[in-house]
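Peer 1: Contents of structure08.txt (compact mmCIF, C-alpha atoms and all ligand atoms) are below:
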```txt
# COMPACT_ATOMS: atom_id res chain seq x y z
CA MET A 1 12.58 25.34 19.58
CA LEU A 2 15.05 24.23 16.91
CA LEU A 3 13.43 26.55 14.39
CA ASP A 4 13.91 29.45 16.83
CA ASP A 5 17.61 28.56 17.07
CA LEU A 6 17.84 28.63 13.31
CA LEU A 7 16.14 32.02 13.05
CA GLU A 8 18.30 33.50 15.80
CA GLY A 9 21.45 32.23 14.13
CA LYS A 10 22.35 29.75 16.90
CA ALA A 11 22.22 26.88 14.43
CA THR A 12 23.43 26.60 10.87
CA LYS A 13 21.19 25.17 8.21
CA GLY A 14 22.12 22.27 5.99
CA THR A 15 20.16 20.97 3.06
CA LEU A 16 16.48 21.42 2.32
CA LYS A 17 14.36 18.59 1.04
CA LEU A 18 10.80 18.69 -0.25
CA TRP A 19 8.71 15.64 0.53
CA CYS A 20 5.12 14.77 -0.34
CA SER A 21 3.17 12.48 1.97
CA GLN A 22 0.76 9.82 0.74
CA LYS A 23 -2.12 12.15 1.50
CA GLY A 24 -0.61 14.79 -0.80
CA ILE A 25 0.67 17.13 1.92
CA TRP A 26 4.00 18.78 1.11
CA TYR A 27 6.66 19.10 3.78
CA ALA A 28 9.94 21.04 3.76
CA LEU A 29 12.59 19.08 5.69
CA ILE A 30 15.58 21.14 6.79
CA SER A 31 18.64 19.61 8.40
CA LEU A 32 20.61 21.79 10.78
CA SER A 33 23.71 21.58 12.91
CA LYS A 34 24.07 23.10 16.33
CA GLU A 35 26.82 23.41 18.92
CA VAL A 36 25.86 21.81 22.22
CA PRO A 37 27.71 22.33 25.51
CA ASP A 38 29.74 19.40 26.82
CA SER A 39 27.94 17.45 29.50
CA ASP A 40 29.14 17.99 33.07
CA GLU A 41 30.37 15.16 35.27
CA PRO A 42 27.09 13.55 36.43
CA GLN A 43 26.12 13.20 40.09
CA GLY A 44 25.40 9.53 39.46
CA TRP A 45 24.16 7.12 36.84
CA ILE A 46 20.62 6.04 36.10
CA GLY A 47 20.44 2.44 34.87
CA VAL A 48 17.81 1.80 32.21
CA ASP A 49 16.58 -1.77 31.92
CA ARG A 50 14.63 -2.39 28.74
CA GLY A 51 12.17 -5.20 28.42
CA GLN A 52 8.84 -6.26 27.03
CA ASN A 53 6.80 -6.35 30.23
CA ASN A 54 8.27 -3.03 31.21
CA ILE A 55 9.46 -1.06 28.18
CA ALA A 56 11.90 0.70 30.45
CA VAL A 57 12.72 0.82 34.13
CA ALA A 58 15.03 3.64 35.20
CA SER A 59 16.39 3.74 38.72
CA LEU A 60 18.50 6.28 40.57
CA PRO A 61 21.49 5.27 42.73
CA SER A 62 19.20 5.75 45.74
CA GLY A 63 16.86 3.07 44.39
CA MET A 64 14.00 5.37 43.44
CA ALA A 65 12.68 4.20 40.10
CA LYS A 66 10.35 5.01 37.25
CA PHE A 67 8.50 2.27 35.36
CA TRP A 68 7.12 2.38 31.82
CA ASN A 69 4.67 -0.46 31.42
CA GLY A 70 4.59 -2.44 28.18
CA ARG A 71 0.92 -3.41 28.32
CA GLN A 72 -0.12 -0.82 25.74
CA ILE A 73 2.45 -1.97 23.17
CA LYS A 74 1.59 -5.63 23.71
CA HIS A 75 -2.09 -4.89 23.14
CA LEU A 76 -1.25 -2.89 20.02
CA ARG A 77 0.90 -5.66 18.57
CA ARG A 78 -1.69 -8.36 19.24
CA ARG A 79 -4.55 -6.37 17.77
CA ALA A 80 -2.51 -5.52 14.65
CA ALA A 81 -1.48 -9.15 14.16
CA LYS A 82 -5.09 -10.31 14.40
CA LEU A 83 -6.27 -7.70 11.92
CA ARG A 84 -3.39 -8.47 9.58
CA LYS A 85 -4.29 -12.15 9.54
CA SER A 86 -7.92 -11.57 8.63
CA LEU A 87 -7.04 -8.96 6.00
CA GLN A 88 -4.45 -11.24 4.42
CA LYS A 89 -7.06 -13.97 4.19
CA ALA A 90 -9.39 -11.55 2.42
CA LYS A 91 -6.48 -10.56 0.11
CA LYS A 92 -6.69 -6.89 1.10
CA LEU A 93 -2.97 -6.36 0.87
CA LYS A 94 -3.05 -2.59 0.44
CA THR A 95 -4.92 -2.23 3.72
CA VAL A 96 -2.39 -4.54 5.39
CA LYS A 97 0.43 -2.24 4.28
CA ARG A 98 -1.42 0.83 5.55
CA LEU A 99 -2.08 -0.82 8.90
CA GLU A 100 1.55 -1.86 9.24
CA SER A 101 2.78 1.66 8.75
CA LYS A 102 0.19 2.89 11.26
CA GLU A 103 1.43 0.34 13.80
CA ARG A 104 5.02 1.43 13.20
CA ARG A 105 4.15 5.10 13.68
CA LEU A 106 2.29 4.41 16.93
CA ILE A 107 5.18 2.40 18.39
CA SER A 108 7.71 5.04 17.42
CA TYR A 109 5.48 7.70 19.00
CA ILE A 110 5.43 5.71 22.27
CA ASN A 111 9.22 5.31 22.15
CA HIS A 112 9.65 9.03 21.57
CA CYS A 113 7.46 9.85 24.56
CA ILE A 114 9.37 7.44 26.82
CA SER A 115 12.78 8.69 25.68
CA LYS A 116 11.73 12.29 26.29
CA GLN A 117 10.65 11.41 29.83
CA LEU A 118 13.81 9.39 30.42
CA VAL A 119 16.10 12.26 29.45
CA ALA A 120 14.03 14.70 31.54
CA PHE A 121 14.28 12.29 34.50
CA ALA A 122 18.07 12.20 34.15
CA LYS A 123 18.28 15.96 33.75
CA ASP A 124 16.16 16.57 36.87
CA PHE A 125 18.56 14.55 39.03
CA ASP A 126 21.80 15.65 37.28
CA CYS A 127 22.51 12.05 36.34
CA GLY A 128 23.72 10.24 33.23
CA LEU A 129 21.93 7.36 31.51
CA VAL A 130 23.34 3.84 31.24
CA PHE A 131 21.88 1.32 28.81
CA GLU A 132 22.70 -2.33 28.51
CA ASP A 133 24.20 -3.34 25.18
CA LEU A 134 21.52 -5.48 23.54
CA SER A 135 23.07 -5.76 20.10
CA GLY A 136 22.79 -9.30 18.79
CA ILE A 137 20.14 -10.34 21.32
CA ARG A 138 17.80 -11.54 18.58
CA GLN A 139 20.48 -14.01 17.46
CA THR A 140 21.65 -15.13 20.87
CA SER A 141 18.52 -15.51 22.97
CA LYS A 142 15.98 -18.19 22.26
CA GLN A 143 12.25 -17.96 22.78
CA ARG A 144 9.65 -20.66 23.26
CA LYS A 145 7.37 -21.37 20.30
CA LYS A 146 4.33 -20.37 22.32
CA ASN A 147 5.80 -16.93 23.04
CA LYS A 148 7.07 -16.52 19.50
CA SER A 149 3.61 -17.04 18.06
CA ASP A 150 2.16 -14.36 20.35
CA ALA A 151 2.66 -10.98 18.66
CA GLY A 152 2.72 -9.27 22.06
CA GLU A 153 5.55 -11.47 23.34
CA ASN A 154 7.57 -12.08 20.16
CA ARG A 155 11.02 -10.64 20.68
CA ASP A 156 11.48 -9.98 16.96
CA PHE A 157 8.94 -7.19 17.29
CA TRP A 158 10.62 -5.64 20.33
CA SER A 159 11.83 -2.15 19.37
CA PHE A 160 14.51 -1.71 22.03
CA TYR A 161 16.98 -0.15 19.59
CA GLN A 162 14.60 2.60 18.55
CA LEU A 163 14.22 3.66 22.18
CA GLU A 164 17.98 3.82 22.62
CA ASN A 165 18.42 5.82 19.42
CA SER A 166 15.79 8.39 20.26
CA CYS A 167 17.31 8.72 23.72
CA ARG A 168 20.75 9.30 22.25
CA TYR A 169 20.08 12.47 20.30
CA LYS A 170 17.76 13.85 22.97
CA SER A 171 20.43 13.35 25.62
CA ILE A 172 23.06 15.07 23.44
CA LEU A 173 20.74 18.06 23.03
CA ALA A 174 20.09 18.17 26.79
CA SER A 175 23.81 17.63 27.69
CA VAL A 176 23.00 14.42 29.53
CA PRO A 177 25.85 11.86 29.32
CA MET A 178 24.89 8.44 28.06
CA LYS A 179 26.83 5.17 27.97
CA LYS A 180 26.37 1.46 27.39
CA ARG A 181 27.57 -1.60 29.24
CA PRO A 182 27.48 -5.34 28.53
CA ALA A 183 24.10 -6.87 29.23
CA ALA A 184 25.30 -10.24 30.49
CA TYR A 185 23.92 -11.24 33.91
CA THR A 186 22.41 -7.82 34.63
CA SER A 187 18.97 -9.30 35.20
CA LYS A 188 20.16 -12.56 36.73
CA SER A 189 22.29 -11.12 39.51
CA CYS A 190 21.22 -9.80 42.87
CA CYS A 191 21.66 -6.03 42.96
CA LYS A 192 22.41 -6.08 46.71
CA CYS A 193 25.15 -8.72 46.85
CA GLY A 194 26.00 -9.62 43.22
CA VAL A 195 25.30 -13.34 43.55
CA ILE A 196 23.70 -15.00 40.54
CA GLY A 197 20.16 -16.05 41.40
CA LYS A 198 16.95 -17.00 39.68
CA ARG A 199 14.12 -14.86 38.53
CA ASN A 200 10.63 -16.10 38.96
CA LYS A 201 8.44 -14.25 36.44
CA HIS A 202 8.60 -10.65 37.58
CA SER A 203 10.40 -11.07 40.87
CA PHE A 204 13.97 -11.91 41.73
CA VAL A 205 14.80 -13.95 44.80
CA CYS A 206 18.39 -13.97 46.01
CA VAL A 207 19.76 -17.40 46.90
CA ASN A 208 22.49 -16.04 49.13
CA PRO A 209 21.40 -16.97 52.69
CA SER A 210 23.07 -13.92 54.19
CA CYS A 211 21.26 -11.57 51.76
CA ASN A 212 17.80 -13.09 51.07
CA SER A 213 16.79 -10.06 49.06
CA CYS A 214 13.53 -10.24 47.11
CA HIS A 215 12.66 -7.53 44.64
CA ASN A 216 11.20 -6.71 41.24
CA ALA A 217 13.47 -8.29 38.61
CA ASP A 218 13.42 -5.36 36.19
CA TRP A 219 14.15 -2.90 38.98
CA GLY A 220 17.09 -5.07 40.09
CA GLY A 221 18.32 -5.18 36.49
CA SER A 222 18.24 -1.41 36.22
CA GLN A 223 20.14 -1.09 39.51
CA ASN A 224 22.80 -3.49 38.21
CA ILE A 225 23.09 -1.62 34.93
CA GLY A 226 23.41 1.73 36.65
CA GLN A 227 25.52 0.96 39.70
CA TRP A 228 27.56 -2.08 38.79
CA ASP A 229 31.14 -1.77 37.63
CA GLY A 230 32.39 -5.20 36.82
CA PHE A 231 31.37 -8.67 37.74
CA SER A 232 31.23 -9.57 41.40
CA CYS A 233 30.63 -12.68 43.44
CA ALA A 234 30.26 -13.46 47.10
CA VAL A 235 33.65 -13.63 48.77
CA ASP A 236 33.79 -16.94 50.57
CA PHE A 237 37.17 -18.48 49.81
CA GLN A 238 36.60 -21.93 51.23
CA LYS A 239 33.63 -22.86 49.12
CA PRO A 240 34.88 -21.91 45.65
CA LEU A 241 38.19 -23.62 46.50
CA ALA A 242 36.32 -26.83 47.29
CA VAL A 243 34.66 -26.58 43.89
CA MET A 244 38.02 -26.23 42.20
CA VAL A 245 39.30 -29.36 43.96
CA LYS A 246 36.24 -31.21 42.76
CA GLY A 247 37.05 -30.09 39.23
CA ASN A 248 39.84 -32.67 39.10
CA GLN A 249 37.55 -35.53 40.01
CA PRO A 250 35.65 -37.56 37.42
CA ASN A 251 32.31 -36.14 38.52
CA GLY A 252 33.74 -32.71 39.14
CA VAL A 253 32.31 -29.36 38.19
CA TYR A 254 33.73 -27.61 35.15
CA ASP A 255 32.72 -24.43 33.44
CA SER A 256 30.08 -23.24 35.86
CA PRO A 257 30.17 -19.90 37.64
CA LEU A 258 31.67 -20.43 41.08
CA ASN A 259 29.12 -18.50 43.04
CA GLN A 260 26.32 -20.62 41.64
CA VAL A 261 27.70 -23.78 43.16
CA SER A 262 29.13 -22.39 46.34
CA LEU A 263 25.79 -21.64 47.99
CA SER A 264 24.33 -25.02 48.78
CA GLY A 265 27.04 -25.84 51.29
CA GLN A 266 27.02 -29.45 50.15
CA GLU A 267 30.06 -29.00 47.95
CA LEU A 268 32.37 -28.97 50.96
CA GLU A 269 32.58 -32.70 51.49
CA SER A 270 35.89 -33.09 49.72
CA PRO A 271 38.23 -34.79 52.29
CA THR A 272 41.23 -32.74 51.21
CA MET A 273 39.41 -29.53 52.01
CA ALA A 274 37.95 -30.57 55.35
CA SER A 275 41.08 -29.48 57.20
CA ALA A 276 41.52 -26.23 55.26
ZN ZN A 301 21.62 -10.95 47.30
```
Could you spell out this file's structure in structure tokens?
Peer 2:
Amino acid sequence: MLLDDLLEGKATKGTLKLWCSQKGIWYALISLSKEVPDSDEPQGWIGVDRGQNNIAVASLPSGMAKFWNGRQIKHLRRRAAKLRKSLQKAKKLKTVKRLESKERRLISYINHCISKQLVAFAKDFDCGLVFEDLSGIRQTSKQRKKNKSDAGENRDFWSFYQLENSCRYKSILASVPMKKRPAAYTSKSCCKCGVIGKRNKHSFVCVNPSCNSCHNADWGGSQNIGQWDGFSCAVDFQKPLAVMVKGNQPNGVYDSPLNQVSLSGQELESPTMASA
């Protein structure tokens, strides 16, 4: 398709580079630049939650979602790690290198496939794509030793940035707008009421008694990423106020999100607030 554009004069060619692969096959790599139309104002935004159990979960404003399961990548990582270990023991380092590059190519192929489907999904519904900003997550989030030693779970091997990058240029070509937003609390908040709750493995249970929503955690995360603009908390003035009063007492609550404390109902015992 890009070559056709070049031949028809719709794109201008840049530099040409000759490259020989390890197998001795020669390739001519041509860079080209092309004008793309500006993206229209989208009908809505599709939130994309990236993870290791689900590589990506994309959900429309209506709630309809697409899941890309991470089982295949986990299996690939584990198998490669096992092979690598036995080959390293046998001192077959050249084979280790070859296997590593094969693993890398396979993962990047999977990411390319997913990003292509993601952009097509957005294009079909005239929507833009929203990603959470995961830069620095390897430094800020901790993992248990048990998970770290499992090649399928180890977050250092998680190629979330590659998926975002391959989505970026594909979305520019398809005139699909794409943006990023801070990742904080997107998977810990209820997507129906905004209250911070707890996730239990793959499901999220809302602790707000008037909401009681229970849904897939990654789906909820993608809804928050796509539909959320700003941080929200349950509006219940009495309870957070009681927490603030308690803040002045020796056993008071400092530094904790208000809506986390306000839900138990037991924080209201402060005598000064009883009349309020
Ligand atoms: Zn809720």
Peer 1: May I have a table of the residues of chain A lying at most 8 Å from ligand ZN 301 (chain A), giving each one's closest pair of atoms and their distance in Å to one decimal, counting only C-alpha atoms and all ligand atoms, ordered by chain and ascending residue number, as JSON lines?
Peer 2:
```
{"residue": "A:Ser189", "atom": "CA", "partner": "A:ZN301", "partner_atom": "ZN", "distance": 7.8}
{"residue": "A:Cys190", "atom": "CA", "partner": "A:ZN301", "partner_atom": "ZN", "distance": 4.6}
{"residue": "A:Cys191", "atom": "CA", "partner": "A:ZN301", "partner_atom": "ZN", "distance": 6.6}
{"residue": "A:Lys192", "atom": "CA", "partner": "A:ZN301", "partner_atom": "ZN", "distance": 5.0}
{"residue": "A:Cys193", "atom": "CA", "partner": "A:ZN301", "partner_atom": "ZN", "distance": 4.2}
{"residue": "A:Gly194", "atom": "CA", "partner": "A:ZN301", "partner_atom": "ZN", "distance": 6.1}
{"residue": "A:Val195", "atom": "CA", "partner": "A:ZN301", "partner_atom": "ZN", "distance": 5.8}
{"residue": "A:Gly197", "atom": "CA", "partner": "A:ZN301", "partner_atom": "ZN", "distance": 7.9}
{"residue": "A:Val205", "atom": "CA", "partner": "A:ZN301", "partner_atom": "ZN", "distance": 7.9}
{"residue": "A:Cys206", "atom": "CA", "partner": "A:ZN301", "partner_atom": "ZN", "distance": 4.6}
{"residue": "A:Val207", "atom": "CA", "partner": "A:ZN301", "partner_atom": "ZN", "distance": 6.7}
{"residue": "A:Asn208", "atom": "CA", "partner": "A:ZN301", "partner_atom": "ZN", "distance": 5.5}
{"residue": "A:Ser210", "atom": "CA", "partner": "A:ZN301", "partner_atom": "ZN", "distance": 7.6}
{"residue": "A:Cys211", "atom": "CA", "partner": "A:ZN301", "partner_atom": "ZN", "distance": 4.5}
{"residue": "A:Asn212", "atom": "CA", "partner": "A:ZN301", "partner_atom": "ZN", "distance": 5.8}
{"residue": "A:Ser213", "atom": "CA", "partner": "A:ZN301", "partner_atom": "ZN", "distance": 5.2}
```
Peer 1: How far is it from atom CA of A:Leu29 to atom CA of A:Leu3, in Å with one decimal?
Peer 2: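 Distance between the two atoms: 11.5 Å.
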Peer 1: So how many Å separate atom CA of A:Glu41 and atom CA of A:Phe131, to one decimal?
Peer 2: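 Computing the Euclidean distance for atom CA of A:Glu41 and atom CA of A:Phe131 yields 17.5 Å.
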Peer 1: I'd like the box whose edges run along x, y and z of the file and which contains every listed atom of stretch 90-99 of chain A, padded by 4 Å per side; could you state its centre and edge lengths in Å, one decimal, as lines of an AutoDock Vina configuration file?
Peer 2:
```
center_x = -4.5
center_y = -5.4
center_z = 4.5
size_x = 17.8
size_y = 20.4
size_z = 16.8
```
Peer 1: Kindly indicate which residue among A:Pro209, A:Gly9, A:Gly221, A:Pro42 lies nearest to A:Phe125, using all atoms listed in the file for the distances.
Peer 2: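 Looking at the shortest contact to A:Phe125, the residue is A:Pro42.
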Peer 1: Would you work out the distance separating atom CA of A:Ile55 from atom CA of A:Arg71, expressed in Å to one decimal?
Peer 2: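 A separation of 8.9 Å between them.
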Peer 1: Given the choices A:Ile107, A:Ala217, A:Ile25, A:Val176, which gets closest to A:His202 if the distance is worked out from only C-alpha atoms?
Peer 2: A:Ala217
Peer 1: Nearest to A:Arg181 among A:Gln72, A:Asn200, A:Gln117, A:Asn224, with distances taken over only C-alpha atoms: which residue is it?
Peer 2: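 Among the listed residues, A:Asn224 lies closest to A:Arg181.
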Peer 1: Skip A:Lys179 itself and residues of its chain fewer than 5 positions away, then list as JSON, numbers by chain all residues within 8 Å of it, counting only C-alpha atoms.
Peer 2: {"A": [128, 129, 130, 131]}
Peer 1: Please list as a list in words every residue within 9 Å of A:Glu132, counting all atoms listed in the file and excluding residues in the same chain fewer than 2 positions away.
Peer 2: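 Residues meeting the cut-off are Gly47, Val48, Asp49, Arg50, Val130, Leu134, Lys179, Lys180, Arg181, Pro182, Ala183, Ala184, Thr186, Ser222 and Ile225 of chain A.
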Peer 1: Measuring between all atoms listed in the file, which one of A:Tyr109, A:Trp19, A:Phe204, A:Trp219 shows the shortest distance to A:Ile46?
Peer 2: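 Among the listed residues, A:Trp219 lies closest to A:Ile46.
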Peer 1: How about completing stretch 52-63 of chain A with N, CA and C atoms and giving it to me as an mmCIF file, in the frame of the given file?
Peer 2:
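Dumped to selection32.cif:
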```
data_model
loop_
_atom_site.group_PDB
_atom_site.id
_atom_site.type_symbol
_atom_site.label_atom_id
_atom_site.label_comp_id
_atom_site.auth_asym_id
_atom_site.auth_seq_id
_atom_site.Cartn_x
_atom_site.Cartn_y
_atom_site.Cartn_z
ATOM 1 N N GLN A 52 10.124 -6.250 27.714
ATOM 2 C CA GLN A 52 8.840 -6.260 27.030
ATOM 3 C C GLN A 52 7.678 -6.083 28.002
ATOM 4 N N ASN A 53 7.846 -6.584 29.219
ATOM 5 C CA ASN A 53 6.800 -6.350 30.230
ATOM 6 C C ASN A 53 6.858 -4.903 30.690
ATOM 7 N N ASN A 54 8.055 -4.447 30.964
ATOM 8 C CA ASN A 54 8.270 -3.030 31.210
ATOM 9 C C ASN A 54 9.165 -2.527 30.089
ATOM 10 N N ILE A 55 8.662 -1.579 29.296
ATOM 11 C CA ILE A 55 9.460 -1.060 28.180
ATOM 12 C C ILE A 55 10.776 -0.519 28.721
ATOM 13 N N ALA A 56 10.680 0.191 29.829
ATOM 14 C CA ALA A 56 11.900 0.700 30.450
ATOM 15 C C ALA A 56 11.670 0.850 31.947
ATOM 16 N N VAL A 57 12.720 0.547 32.702
ATOM 17 C CA VAL A 57 12.720 0.820 34.130
ATOM 18 C C VAL A 57 13.999 1.607 34.408
ATOM 19 N N ALA A 58 13.853 2.809 34.928
ATOM 20 C CA ALA A 58 15.030 3.640 35.200
ATOM 21 C C ALA A 58 15.115 3.853 36.690
ATOM 22 N N SER A 59 16.284 3.555 37.274
ATOM 23 C CA SER A 59 16.390 3.740 38.720
ATOM 24 C C SER A 59 17.633 4.544 39.090
ATOM 25 N N LEU A 60 17.429 5.421 40.051
ATOM 26 C CA LEU A 60 18.500 6.280 40.570
ATOM 27 C C LEU A 60 19.407 5.475 41.492
ATOM 28 N N PRO A 61 20.625 5.975 41.769
ATOM 29 C CA PRO A 61 21.490 5.270 42.730
ATOM 30 C C PRO A 61 20.807 5.035 44.071
ATOM 31 N N SER A 62 19.897 5.919 44.451
ATOM 32 C CA SER A 62 19.200 5.750 45.740
ATOM 33 C C SER A 62 18.182 4.621 45.691
ATOM 34 N N GLY A 63 17.846 4.152 44.495
ATOM 35 C CA GLY A 63 16.860 3.070 44.390
ATOM 36 C C GLY A 63 15.521 3.536 43.886
#
```
